[in-house]
Amino acid sequence: MWYPGHISKARKAVERMLKMVNVVVEVRDARAPMATSAYGVDLSRKKRIVLLNKEDLADDDVTRKWIDFFRKNGESVLSTSKFEDRKAFMKKLGMYLSSGDRVMILGVPNTGKSTIINKIKGRRVSAVGGVPGITKGVQWIAFGRDKKLLDTPGILYKKLFSKELSAKLLLVGSLPVERVDFKVMEIAFDIFKNRTNEQRSFMEFLEFYGRKRGILIKGGEIDRDKAAYMLFTEIANGKFGKISFEIPEEF
């Protein structure tokens, strides 16, 4: 089972871009750092920085555990959110960058890659011309004193080798709800349920949620498809609070 879309084209584009850089900032969702990893892409020859984004939507204690987890495994890691100001973010990122680095932002859909690019770019940036040995027509942005950012996010489509992985991607909004079957929704809700104090089954909660939101069809029944779409969209957007869907102890 594969993520829907032009997967082959997207992966080839990522592979081309990887040849242009020596540093990859791998943006992951702080709520599910393993599910949103760059699975299947060889980054062994690149300096990799794991960036746990959307920390404002994740459990703070769990995010701290994830940072410790990655550091103990020898990874360069930092966390951020859309609310962190550019100066603070750049100070943290700068700890892992060196003179002359060429940087690319990589990650699965909806992890916030473009937001990170815009934060690095800032307000006063200048586009730079062709870099020697680099494909023409690629937009580079100068930042810092002597670093360059590839001004295009590398969008990675993952191979979905299990329904549990699909469920986690659904919970963080990296997999559209209309593209998953009912079983994946059930698994996703069970993960959500285990991280909260919810006691109801998926169908019981969907019935409650649909009626509370007035998502009804003729005859007073709830529109289950619409209710499920709204439910998982709100979970992904953090409407149910700060929830982490993976913890380091599971790995």
# chains A, B, ... in the order shown; residues from 1 in each chain; ligands from 1
call {"tool": "closest_atom_pairs", "arguments": {"of": "region 70-115 of chain A", "to": "region 145-165 of chain A", "cutoff": "9 Å", "atoms": "only C-alpha atoms", "output": "tab-separated table"}}
result
residue	atom	partner	partner_atom	distance
A:Leu97	CA	A:Lys147	CA	8.6
A:Ser98	CA	A:Lys147	CA	8.0
A:Ser99	CA	A:Asp146	CA	5.9
A:Gly100	CA	A:Lys147	CA	5.0
A:Asp101	CA	A:Lys147	CA	5.2
A:Arg102	CA	A:Lys148	CA	4.9
A:Val103	CA	A:Leu149	CA	4.8
A:Met104	CA	A:Leu150	CA	5.3
A:Ile105	CA	A:Pro153	CA	5.2
A:Leu106	CA	A:Gly154	CA	4.4
A:Gly107	CA	A:Leu156	CA	5.5
A:Val108	CA	A:Leu156	CA	4.6
A:Pro109	CA	A:Ile155	CA	6.3
A:Lys113	CA	A:Pro153	CA	6.0
A:Ser114	CA	A:Pro153	CA	6.3
call {"tool": "residues_around", "arguments": {"residues": "Ile247 (chain A)", "least_positions_apart": "3", "cutoff": "9 Å", "atoms": "only C-alpha atoms", "output": "list of chain:residue names"}}
result
A:Arg31, A:Ala32, A:Pro33, A:Val62, A:Thr63, A:Lys65, A:Trp66, A:Ser244, A:Glu250, A:Phe251
call {"tool": "write_last_selection", "arguments": {"atoms": "N, CA and C atoms", "output": "compact mmCIF listing (two decimals), in the first residue's frame"}}
result
# COMPACT_ATOMS: atom_id res chain seq x y z
N ARG A 31 4.69 14.89 17.20
CA ARG A 31 3.72 13.95 17.78
C ARG A 31 3.96 12.51 17.34
N ALA A 32 4.64 12.33 16.21
CA ALA A 32 4.91 10.99 15.69
C ALA A 32 6.23 11.01 14.93
N PRO A 33 7.34 11.15 15.63
CA PRO A 33 8.64 11.32 14.97
C PRO A 33 9.10 10.14 14.13
N VAL A 62 6.81 14.26 26.53
CA VAL A 62 7.16 13.25 25.52
C VAL A 62 8.15 13.82 24.51
N THR A 63 7.98 15.07 24.12
CA THR A 63 8.93 15.69 23.19
C THR A 63 10.32 15.75 23.79
N LYS A 65 11.52 13.68 25.90
CA LYS A 65 12.02 12.29 25.86
C LYS A 65 12.53 11.95 24.46
N TRP A 66 11.83 12.43 23.45
CA TRP A 66 12.26 12.16 22.08
C TRP A 66 13.60 12.82 21.78
N SER A 244 0.76 13.38 22.02
CA SER A 244 1.78 12.68 21.26
C SER A 244 1.28 11.27 20.94
N GLU A 250 8.33 2.88 22.99
CA GLU A 250 7.78 1.91 22.03
C GLU A 250 8.84 1.46 21.01
N PHE A 251 9.98 2.18 20.99
CA PHE A 251 10.99 1.89 19.97
C PHE A 251 12.32 1.50 20.58
call {"tool": "atom_distance", "arguments": {"atom1": "CA of Asp181 (chain A)", "atom2": "CA of Glu55 (chain A)"}}
result
28.3 Å
call {"tool": "atom_distance", "arguments": {"atom1": "CA of Ile235 (chain A)", "atom2": "CA of Asp68 (chain A)"}}
result
25.9 Å
call {"tool": "atom_distance", "arguments": {"atom1": "CA of Glu249 (chain A)", "atom2": "CA of Asn194 (chain A)"}}
result
14.7 Å
call {"tool": "select_by_dssp", "arguments": {"residues": "region 42-139 of chain A", "states": "helix (DSSP H, G or I)", "output": "PyMOL selection string"}}
result
chain A and resi 55-57+60-72+86-94+113-121
call {"tool": "write_last_selection", "arguments": {"atoms": "C-alpha atoms", "output": "CSV table (one decimal), in the first residue's frame"}}
result
chain,number,residue,atom,x,y,z
A,55,GLU,CA,6.0,20.9,19.3
A,56,ASP,CA,3.1,23.1,20.4
A,57,LEU,CA,0.7,20.3,19.4
A,60,ASP,CA,5.9,18.5,26.2
A,61,ASP,CA,7.3,15.7,28.4
A,62,VAL,CA,7.2,13.3,25.5
A,63,THR,CA,8.9,15.7,23.2
A,64,ARG,CA,11.7,16.1,25.7
A,65,LYS,CA,12.0,12.3,25.9
A,66,TRP,CA,12.3,12.2,22.1
A,67,ILE,CA,15.0,14.7,22.1
A,68,ASP,CA,17.0,12.7,24.6
A,69,PHE,CA,16.3,9.5,22.5
A,70,PHE,CA,17.7,11.0,19.4
A,71,ARG,CA,20.7,12.5,21.1
A,72,LYS,CA,21.6,9.2,22.8
A,86,ARG,CA,13.2,33.4,14.0
A,87,LYS,CA,16.1,34.6,16.2
A,88,ALA,CA,15.6,31.8,18.7
A,89,PHE,CA,15.1,29.2,16.0
A,90,MET,CA,18.2,30.2,14.0
A,91,LYS,CA,20.3,30.2,17.1
A,92,LYS,CA,19.4,26.5,17.7
A,93,LEU,CA,19.8,25.5,14.1
A,94,GLY,CA,23.1,27.3,13.8
A,113,LYS,CA,8.5,22.2,5.6
A,114,SER,CA,7.5,25.4,3.9
A,115,THR,CA,7.1,27.2,7.2
A,116,ILE,CA,10.6,26.2,8.2
A,117,ILE,CA,12.0,27.4,4.9
A,118,ASN,CA,10.2,30.8,5.3
A,119,LYS,CA,11.6,31.1,8.9
A,120,ILE,CA,15.1,30.4,7.7
A,121,LYS,CA,14.7,32.9,4.8
call {"tool": "select_by_dssp", "arguments": {"residues": "region 29-238 of chain A", "states": "strand (DSSP E or B)", "output": "ChimeraX atom specification"}}
result
/A:29,47-53,76-79,102-107,126-128,140-143,147-150,154-155,159,216,222
call {"tool": "closest_atom_pairs", "arguments": {"of": "region 160-207 of chain A", "to": "region 211-215 of chain A", "cutoff": "10 Å", "atoms": "only C-alpha atoms", "output": "CSV"}}
result
residue,atom,partner,partner_atom,distance
A:Phe205,CA,A:Arg211,CA,9.9
A:Leu206,CA,A:Arg211,CA,8.4
A:Glu207,CA,A:Arg211,CA,6.2
call {"tool": "write_last_selection", "arguments": {"atoms": "C-alpha atoms", "output": "PDB file, in the first residue's frame"}}
result
ATOM      1  CA  PHE A 205     -17.525   8.544  19.818  1.00  0.00           C
ATOM      2  CA  LEU A 206     -18.354   9.248  16.180  1.00  0.00           C
ATOM      3  CA  GLU A 207     -22.062   9.156  17.044  1.00  0.00           C
TER       4      GLU A 207
END
call {"tool": "residues_around", "arguments": {"residues": "Met185 (chain A)", "least_positions_apart": "5", "cutoff": "9 Å", "atoms": "only C-alpha atoms", "output": "compact mmCIF listing (two decimals) with C-alpha atoms, in the first residue's frame"}}
result
# COMPACT_ATOMS: atom_id res chain seq x y z
CA ALA A 167 -3.17 5.52 11.11
CA LEU A 170 -3.73 10.19 9.48
CA VAL A 177 -8.74 11.02 5.70
CA VAL A 180 -7.98 5.67 4.16
CA ASP A 190 -7.50 3.53 19.26
CA PHE A 202 -14.81 4.66 17.67
CA ALA A 228 -14.97 11.18 10.48
CA PHE A 232 -9.52 13.51 12.21
call {"tool": "closest_residue", "arguments": {"among": "A:Gln139, A:Ser201, A:Thr196, A:Ser166", "to": "Gly241 (chain A)", "atoms": "only C-alpha atoms"}}
result
A:Thr196
call {"tool": "residues_around", "arguments": {"residues": "Arg45 (chain A)", "least_positions_apart": "4", "cutoff": "12 Å", "atoms": "only C-alpha atoms", "output": "count of residues only"}}
result
7
